[in-house]
Amino acid sequence: MSEPALLDIQTADTRVDLKGLLPEELQAFISTLGKERYRTKQLLAWIYGRGAASFDDMTDLSRGFRAELSERARLSHLTEVLRTRSSDGKAVKFLFALSDGLQVESVLMFEKDRRTLCISSQVGCPLDCTFCATGRMGLLRNLTAAEIIDQVLAIRRELVAGDDDLTNIVMMGMGEPLLNYDAVTRAIRLMGLEMGPCLSAKKVTLSTAGHVPGILRLAEEGLKVGLAVSLNATVDEMRTRIMPINRKWPIADLLDAVRRYYRRIGRRVTFEYVLLAGENDADADADRLIALVRGIPCKINLIPWNPIASPGPRHQRPSQARIDAFADRLRASHLTVSVRYSKGDDIGAACGQLITNPQEGRG
Ligand code: SF4
C-alpha cells in the first residue's frame, strides 16, 4: 500500500481556530482572556448549536468581546461550491471547498423518519480499493476535526432553519476514518455536544476498510460508535485483489479485531459487502461469508456495485436475480441482511462514487 506524503494545510493565519476545540480546550482559551466560565457555554452554543459562521453572528456577545475574539481567534468554515440533488429528491450531494482550495463531498440522504448525513474524513484516500472512485484520487491530506464537524454544522444549519434536523451520521464518505483517528474521534465527541448537534456516538457509524489497529483502539477507548466493516470478499486472495489493505491485515486478523470490538462495546457490527458480478457473488461466497461471521452479532449490508467512470469500470454489477439469490442464501442462515440500493447514484453520490473531479464520479 503506497502512502503518499500528506500535504500540510498552508495558512498564514496564526490565530487559534475555535472550531474543533473540545469544551475543556475552549474553556482554557476563554480563561486566557480573563473571561467568565459561562462565556464558554455561549460560544459552544453559537459554534456547534447555531452553526455561527463568524463572531459577528454572535449577536448576544458585546461588540467589545467580539472584537477581542476576532483579534485572538478565528472561526474556520467550509465554503459550499456545488449542490446536486438526485432525481428522486432523496439524496443531496454537497461539494465543499477547504481553506487551501482542496474539496470534499458530503451526502445528505432523506428517508421517511431519518436524515442521514454521510461525511468525509480525508481528501481522497490512500487505500485504493478497486471498486471505489475515491481511491483513484490517492490521498491528498487528512481533514482537520474542524473540517469534519463543519460538514455536519453547515448542512444541519439549513435543515434546522426548515424545522428539520439530522438523525444519523455515517463516516462513509471520502477517506478511511481510522487513518485520521484523532481528528475523527474529536469530531465525533463534538457531534455529541448537548448544546450542539446532540448526535451521540450511538447515532454515528464509522465505516472502515479494515484498519485493525484503529478498530482495537476504538474498542480500548470505549467510544460507542457503530462500526461498519467493508468486507467484500471471503478469501484473502480475492480480498487483497480488490482491497490492498488486506495484505497488511488479512481477513482472520480483521475478524479477530471485530470480535474484540464487540466484546468491549457490545454493539452489533455491520459488514458491508459490495457485490461484484462473477467475482464475489457466487453461492460459495455466500456460504463462506456465513461461516466467517458465525458467532459475531452482526447485520450484513449488500451493496450492488455502483458504476464509476475513469479509467473505466473494472467490475460489473450483478443481475437482480443473482443479488436476490445471494441475499436469500444469507437469510436462510438467519442472518440479518439489507440490500442497499444506494440513493443518489444518478449524481455520483452513491457508495464508492465520491470523487472531487465531478467528471469522474459516474460511470
Ligand atoms: S472504499 Fe473507502 S477505504 Fe476503499 S478506497 Fe474508497 S474511500 Fe478508501
# chains A, B, ... in the order shown; residues from 1 in each chain; ligands from 1
>>> residues_around(residues="Ser70 (chain A)", least_positions_apart="5", cutoff="9 Å", atoms="only C-alpha atoms", output="PDB file with N, CA and C atoms, in the first residue's frame")
ATOM      1  N   ARG A  15      -3.967  32.773  14.248  1.00  0.00           N
ATOM      2  CA  ARG A  15      -4.960  32.826  15.333  1.00  0.00           C
ATOM      3  C   ARG A  15      -5.548  31.430  15.561  1.00  0.00           C
ATOM      4  N   SER A  54     -19.313  33.254  11.830  1.00  0.00           N
ATOM      5  CA  SER A  54     -18.326  34.274  12.228  1.00  0.00           C
ATOM      6  C   SER A  54     -18.688  34.794  13.611  1.00  0.00           C
ATOM      7  N   PHE A  55     -17.737  35.495  14.235  1.00  0.00           N
ATOM      8  CA  PHE A  55     -18.032  36.071  15.551  1.00  0.00           C
ATOM      9  C   PHE A  55     -19.112  37.146  15.435  1.00  0.00           C
ATOM     10  N   ASP A  56     -19.195  37.799  14.268  1.00  0.00           N
ATOM     11  CA  ASP A  56     -20.219  38.844  14.085  1.00  0.00           C
ATOM     12  C   ASP A  56     -21.632  38.290  14.187  1.00  0.00           C
ATOM     13  N   PHE A  65     -16.329  42.229  23.133  1.00  0.00           N
ATOM     14  CA  PHE A  65     -15.901  40.835  23.265  1.00  0.00           C
ATOM     15  C   PHE A  65     -15.709  40.213  21.880  1.00  0.00           C
ATOM     16  N   LEU A  75     -12.703  31.541  13.260  1.00  0.00           N
ATOM     17  CA  LEU A  75     -13.725  30.505  13.187  1.00  0.00           C
ATOM     18  C   LEU A  75     -13.723  30.007  11.743  1.00  0.00           C
TER      19      LEU A  75
END
>>> closest_atom_pairs(of="chain A", to="ligand 1", cutoff="8 Å", atoms="only C-alpha atoms and all ligand atoms", output="Markdown table")
| residue | atom | partner | partner_atom_place_in_ligand_line | distance |
| --- | --- | --- | --- | --- |
| A:Gly124 | CA | ligand 1 | 7 (S) | 7.1 |
| A:Cys125 | CA | ligand 1 | 8 (Fe) | 4.6 |
| A:Pro126 | CA | ligand 1 | 8 (Fe) | 6.3 |
| A:Leu127 | CA | ligand 1 | 5 (S) | 4.7 |
| A:Asp128 | CA | ligand 1 | 5 (S) | 4.3 |
| A:Cys129 | CA | ligand 1 | 5 (S) | 4.2 |
| A:Thr130 | CA | ligand 1 | 5 (S) | 7.2 |
| A:Phe131 | CA | ligand 1 | 1 (S) | 7.1 |
| A:Cys132 | CA | ligand 1 | 6 (Fe) | 4.6 |
| A:Ala133 | CA | ligand 1 | 6 (Fe) | 6.5 |
| A:Thr134 | CA | ligand 1 | 6 (Fe) | 5.0 |
| A:Gly135 | CA | ligand 1 | 5 (S) | 3.5 |
| A:Arg136 | CA | ligand 1 | 5 (S) | 7.2 |
| A:Met172 | CA | ligand 1 | 2 (Fe) | 7.0 |
| A:Gly173 | CA | ligand 1 | 7 (S) | 6.5 |
| A:Met174 | CA | ligand 1 | 7 (S) | 4.8 |
| A:Gly175 | CA | ligand 1 | 7 (S) | 4.3 |
| A:Glu176 | CA | ligand 1 | 3 (S) | 4.8 |
| A:Ser207 | CA | ligand 1 | 2 (Fe) | 7.9 |
| A:Thr208 | CA | ligand 1 | 3 (S) | 6.5 |
| A:Ala209 | CA | ligand 1 | 3 (S) | 4.8 |
| A:Ser230 | CA | ligand 1 | 1 (S) | 7.6 |
| A:Met243 | CA | ligand 1 | 4 (Fe) | 6.8 |
| A:Gly352 | CA | ligand 1 | 6 (Fe) | 5.7 |
>>> select_by_dssp(residues="region 13-148 of chain A", states="helix (DSSP H, G or I)", output="PyMOL selection string")
chain A and resi 23-32+38-49+55-57+63-72+134-137+145-148
>>> write_last_selection(atoms="C-alpha atoms", output="PDB file, in the first residue's frame")
ATOM      1  CA  PRO A  23     -15.146  22.172  25.558  1.00  0.00           C
ATOM      2  CA  GLU A  24     -12.268  21.955  28.039  1.00  0.00           C
ATOM      3  CA  GLU A  25      -9.874  23.426  25.450  1.00  0.00           C
ATOM      4  CA  LEU A  26     -12.269  26.257  24.684  1.00  0.00           C
ATOM      5  CA  GLN A  27     -12.576  26.865  28.415  1.00  0.00           C
ATOM      6  CA  ALA A  28      -8.782  27.123  28.677  1.00  0.00           C
ATOM      7  CA  PHE A  29      -8.757  29.671  25.850  1.00  0.00           C
ATOM      8  CA  ILE A  30     -11.530  31.718  27.486  1.00  0.00           C
ATOM      9  CA  SER A  31      -9.535  31.723  30.734  1.00  0.00           C
ATOM     10  CA  THR A  32      -6.537  33.230  28.925  1.00  0.00           C
ATOM     11  CA  TYR A  38     -20.310  30.955  31.143  1.00  0.00           C
ATOM     12  CA  ARG A  39     -18.719  32.505  28.038  1.00  0.00           C
ATOM     13  CA  THR A  40     -17.539  29.025  27.071  1.00  0.00           C
ATOM     14  CA  LYS A  41     -21.121  27.757  27.025  1.00  0.00           C
ATOM     15  CA  GLN A  42     -22.215  30.747  24.984  1.00  0.00           C
ATOM     16  CA  LEU A  43     -19.523  30.102  22.404  1.00  0.00           C
ATOM     17  CA  LEU A  44     -20.236  26.363  22.267  1.00  0.00           C
ATOM     18  CA  ALA A  45     -23.915  27.080  21.656  1.00  0.00           C
ATOM     19  CA  TRP A  46     -23.095  29.543  18.865  1.00  0.00           C
ATOM     20  CA  ILE A  47     -20.472  27.398  17.160  1.00  0.00           C
ATOM     21  CA  TYR A  48     -21.992  23.924  17.429  1.00  0.00           C
ATOM     22  CA  GLY A  49     -25.671  24.624  18.128  1.00  0.00           C
ATOM     23  CA  PHE A  55     -18.032  36.071  15.551  1.00  0.00           C
ATOM     24  CA  ASP A  56     -20.219  38.844  14.085  1.00  0.00           C
ATOM     25  CA  ASP A  57     -23.113  36.368  14.009  1.00  0.00           C
ATOM     26  CA  ARG A  63     -19.140  44.275  20.423  1.00  0.00           C
ATOM     27  CA  GLY A  64     -16.026  44.575  22.560  1.00  0.00           C
ATOM     28  CA  PHE A  65     -15.901  40.835  23.265  1.00  0.00           C
ATOM     29  CA  ARG A  66     -16.483  40.001  19.615  1.00  0.00           C
ATOM     30  CA  ALA A  67     -13.646  42.319  18.619  1.00  0.00           C
ATOM     31  CA  GLU A  68     -11.368  40.700  21.192  1.00  0.00           C
ATOM     32  CA  LEU A  69     -12.270  37.261  19.883  1.00  0.00           C
ATOM     33  CA  SER A  70     -11.560  38.296  16.284  1.00  0.00           C
ATOM     34  CA  GLU A  71      -8.164  39.571  17.312  1.00  0.00           C
ATOM     35  CA  ARG A  72      -7.107  36.395  19.115  1.00  0.00           C
ATOM     36  CA  THR A 134     -12.306   7.996  -4.131  1.00  0.00           C
ATOM     37  CA  GLY A 135      -9.441   5.507  -4.065  1.00  0.00           C
ATOM     38  CA  ARG A 136      -8.421   6.681  -7.525  1.00  0.00           C
ATOM     39  CA  MET A 137      -7.654  10.147  -6.183  1.00  0.00           C
ATOM     40  CA  ALA A 145     -11.540  17.965  13.215  1.00  0.00           C
ATOM     41  CA  ALA A 146     -12.960  21.406  12.335  1.00  0.00           C
ATOM     42  CA  GLU A 147     -13.392  20.395   8.685  1.00  0.00           C
ATOM     43  CA  ILE A 148     -15.080  17.136   9.666  1.00  0.00           C
TER      44      ILE A 148
END
>>> closest_residue(among="A:Lys203, A:Arg241, A:Arg141, A:Arg267", to="Asn180 (chain A)", atoms="only C-alpha atoms")
A:Arg141
>>> select_by_dssp(residues="region 109-351 of chain A", states="strand (DSSP E or B)", output="JSON, numbers by chain")
{"A": [109, 110, 115, 116, 117, 118, 122, 123, 124, 139, 140, 141, 142, 168, 169, 170, 171, 204, 205, 206, 207, 208, 226, 227, 228, 229, 230, 269, 270, 271, 272, 273, 274, 275, 298, 299, 300, 301, 302, 303, 304, 336, 337, 338, 339]}
>>> write_last_selection(atoms="N, CA and C atoms", output="short mmCIF file (atom, residue, chain, number, x, y, z; two decimals), in the first residue's frame")
data_model
loop_
_atom_site.label_atom_id
_atom_site.label_comp_id
_atom_site.auth_asym_id
_atom_site.auth_seq_id
_atom_site.Cartn_x
_atom_site.Cartn_y
_atom_site.Cartn_z
N MET A 109 -28.98 12.18 3.00
CA MET A 109 -29.97 11.24 2.49
C MET A 109 -31.27 11.35 3.29
N PHE A 110 -32.38 11.45 2.57
CA PHE A 110 -33.69 11.59 3.20
C PHE A 110 -34.41 10.26 3.17
N ARG A 115 -32.75 11.44 8.68
CA ARG A 115 -31.95 12.35 7.85
C ARG A 115 -30.52 11.97 8.13
N THR A 116 -29.95 11.21 7.24
CA THR A 116 -28.61 10.68 7.48
C THR A 116 -27.59 11.45 6.65
N LEU A 117 -26.55 11.89 7.30
CA LEU A 117 -25.50 12.63 6.59
C LEU A 117 -24.25 11.76 6.51
N CYS A 118 -23.77 11.57 5.29
CA CYS A 118 -22.54 10.82 5.05
C CYS A 118 -21.41 11.84 4.87
N GLN A 122 -11.10 12.33 4.91
CA GLN A 122 -9.84 12.66 4.25
C GLN A 122 -10.16 13.27 2.88
N VAL A 123 -9.19 14.00 2.32
CA VAL A 123 -9.33 14.42 0.92
C VAL A 123 -8.70 13.31 0.10
N GLY A 124 -9.55 12.57 -0.61
CA GLY A 124 -9.08 11.37 -1.29
C GLY A 124 -8.92 10.24 -0.30
N LEU A 139 -4.34 9.88 -1.70
CA LEU A 139 -4.60 10.71 -0.52
C LEU A 139 -3.95 12.07 -0.71
N LEU A 140 -4.73 13.13 -0.59
CA LEU A 140 -4.14 14.48 -0.65
C LEU A 140 -3.82 14.98 0.75
N ARG A 141 -4.77 14.82 1.68
CA ARG A 141 -4.44 15.10 3.08
C ARG A 141 -5.59 14.66 3.99
N ASN A 142 -5.29 14.60 5.28
CA ASN A 142 -6.33 14.36 6.28
C ASN A 142 -7.15 15.63 6.47
N ASN A 168 -28.81 10.95 11.95
CA ASN A 168 -27.69 9.99 11.95
C ASN A 168 -26.53 10.52 11.13
N ILE A 169 -25.34 10.09 11.52
CA ILE A 169 -24.13 10.43 10.77
C ILE A 169 -23.46 9.13 10.36
N VAL A 170 -23.04 9.04 9.12
CA VAL A 170 -22.21 7.90 8.72
C VAL A 170 -20.89 8.43 8.17
N MET A 171 -19.81 7.85 8.66
CA MET A 171 -18.49 8.25 8.16
C MET A 171 -18.10 7.26 7.08
N VAL A 204 -23.81 7.60 15.40
CA VAL A 204 -22.72 7.74 14.42
C VAL A 204 -22.20 6.37 14.03
N THR A 205 -22.07 6.13 12.74
CA THR A 205 -21.47 4.88 12.27
C THR A 205 -20.18 5.19 11.54
N LEU A 206 -19.14 4.49 11.94
CA LEU A 206 -17.83 4.69 11.32
C LEU A 206 -17.53 3.48 10.45
N SER A 207 -17.24 3.74 9.20
CA SER A 207 -17.00 2.64 8.28
C SER A 207 -15.51 2.51 7.97
N THR A 208 -14.99 1.32 8.14
CA THR A 208 -13.56 1.11 7.89
C THR A 208 -13.34 0.02 6.86
N GLY A 226 -21.13 3.09 16.13
CA GLY A 226 -21.43 1.90 15.35
C GLY A 226 -20.24 1.62 14.44
N LEU A 227 -19.90 0.36 14.30
CA LEU A 227 -18.76 0.01 13.45
C LEU A 227 -19.28 -0.72 12.21
N ALA A 228 -18.90 -0.22 11.05
CA ALA A 228 -19.21 -0.91 9.79
C ALA A 228 -17.89 -1.32 9.16
N VAL A 229 -17.80 -2.57 8.79
CA VAL A 229 -16.55 -3.09 8.22
C VAL A 229 -16.81 -3.47 6.77
N SER A 230 -16.03 -2.89 5.89
CA SER A 230 -16.18 -3.16 4.47
C SER A 230 -15.43 -4.45 4.16
N VAL A 269 -22.25 -5.30 14.92
CA VAL A 269 -21.38 -4.75 13.88
C VAL A 269 -22.08 -4.90 12.52
N THR A 270 -21.79 -3.99 11.62
CA THR A 270 -22.32 -4.12 10.26
C THR A 270 -21.18 -4.56 9.34
N PHE A 271 -21.43 -5.55 8.52
CA PHE A 271 -20.47 -5.89 7.47
C PHE A 271 -21.03 -5.39 6.15
N GLU A 272 -20.23 -4.59 5.46
CA GLU A 272 -20.62 -4.13 4.12
C GLU A 272 -20.01 -5.11 3.12
N TYR A 273 -20.79 -5.42 2.11
CA TYR A 273 -20.30 -6.37 1.11
C TYR A 273 -20.74 -5.87 -0.26
N VAL A 274 -19.79 -5.29 -0.99
CA VAL A 274 -20.09 -4.79 -2.34
C VAL A 274 -20.14 -5.99 -3.29
N LEU A 275 -21.27 -6.17 -3.95
CA LEU A 275 -21.42 -7.33 -4.83
C LEU A 275 -20.87 -7.02 -6.22
N CYS A 298 -24.21 -9.45 14.17
CA CYS A 298 -23.95 -8.53 13.06
C CYS A 298 -25.15 -8.44 12.14
N LYS A 299 -25.11 -7.43 11.29
CA LYS A 299 -26.01 -7.42 10.14
C LYS A 299 -25.15 -7.23 8.90
N ILE A 300 -25.72 -7.60 7.77
CA ILE A 300 -24.93 -7.55 6.54
C ILE A 300 -25.63 -6.64 5.54
N ASN A 301 -24.89 -5.65 5.07
CA ASN A 301 -25.41 -4.78 4.01
C ASN A 301 -24.79 -5.19 2.69
N LEU A 302 -25.63 -5.65 1.80
CA LEU A 302 -25.15 -5.98 0.45
C LEU A 302 -25.32 -4.74 -0.42
N ILE A 303 -24.26 -4.37 -1.11
CA ILE A 303 -24.30 -3.16 -1.94
C ILE A 303 -23.97 -3.55 -3.38
N PRO A 304 -24.99 -3.70 -4.23
CA PRO A 304 -24.67 -3.98 -5.64
C PRO A 304 -23.77 -2.85 -6.17
N THR A 336 -29.20 -11.23 9.39
CA THR A 336 -29.97 -10.02 9.07
C THR A 336 -29.29 -9.36 7.87
N VAL A 337 -30.05 -9.22 6.80
CA VAL A 337 -29.45 -8.75 5.54
C VAL A 337 -30.26 -7.60 4.96
N SER A 338 -29.59 -6.55 4.53
CA SER A 338 -30.26 -5.50 3.75
C SER A 338 -29.53 -5.38 2.42
N VAL A 339 -30.30 -5.18 1.38
CA VAL A 339 -29.66 -4.88 0.10
C VAL A 339 -29.77 -3.37 -0.07
#
>>> closest_residue(among="A:His77, A:Arg50, A:Lys202, A:Arg247", to="Glu158 (chain A)", atoms="only C-alpha atoms")
A:Arg50
>>> closest_residue(among="A:Ala325, A:Leu216, A:Ile188, A:Ala52", to="Arg74 (chain A)", atoms="only C-alpha atoms")
A:Ala52
>>> residues_around(residues="region 96-107 of chain A", least_positions_apart="2", cutoff="6 Å", atoms="only C-alpha atoms", output="VMD selection string")
chain A and resid 78 to 81 92 to 94 117 to 119
>>> write_last_selection(atoms="C-alpha atoms", output="short mmCIF file (atom, residue, chain, number, x, y, z; two decimals), in the first residue's frame")
data_model
loop_
_atom_site.label_atom_id
_atom_site.label_comp_id
_atom_site.auth_asym_id
_atom_site.auth_seq_id
_atom_site.Cartn_x
_atom_site.Cartn_y
_atom_site.Cartn_z
CA LEU A 78 -16.22 25.36 4.66
CA THR A 79 -17.44 27.06 1.52
CA GLU A 80 -20.16 25.32 -0.42
CA VAL A 81 -19.16 25.12 -4.08
CA VAL A 92 -28.28 15.78 -1.99
CA LYS A 93 -24.55 15.88 -2.65
CA PHE A 94 -22.57 18.86 -1.35
CA LEU A 117 -25.50 12.63 6.59
CA CYS A 118 -22.54 10.82 5.05
CA ILE A 119 -19.35 12.77 5.68
#
>>> residues_around(residues="Glu220 (chain A)", least_positions_apart="3", cutoff="10 Å", atoms="only C-alpha atoms", output="JSON, numbers by chain")
{"A": [214, 215, 216, 217, 223, 260, 261, 264, 265]}
>>> closest_residue(among="A:Arg263, A:Asp17, A:Arg294, A:Gly278", to="His315 (chain A)", atoms="only C-alpha atoms")
A:Gly278
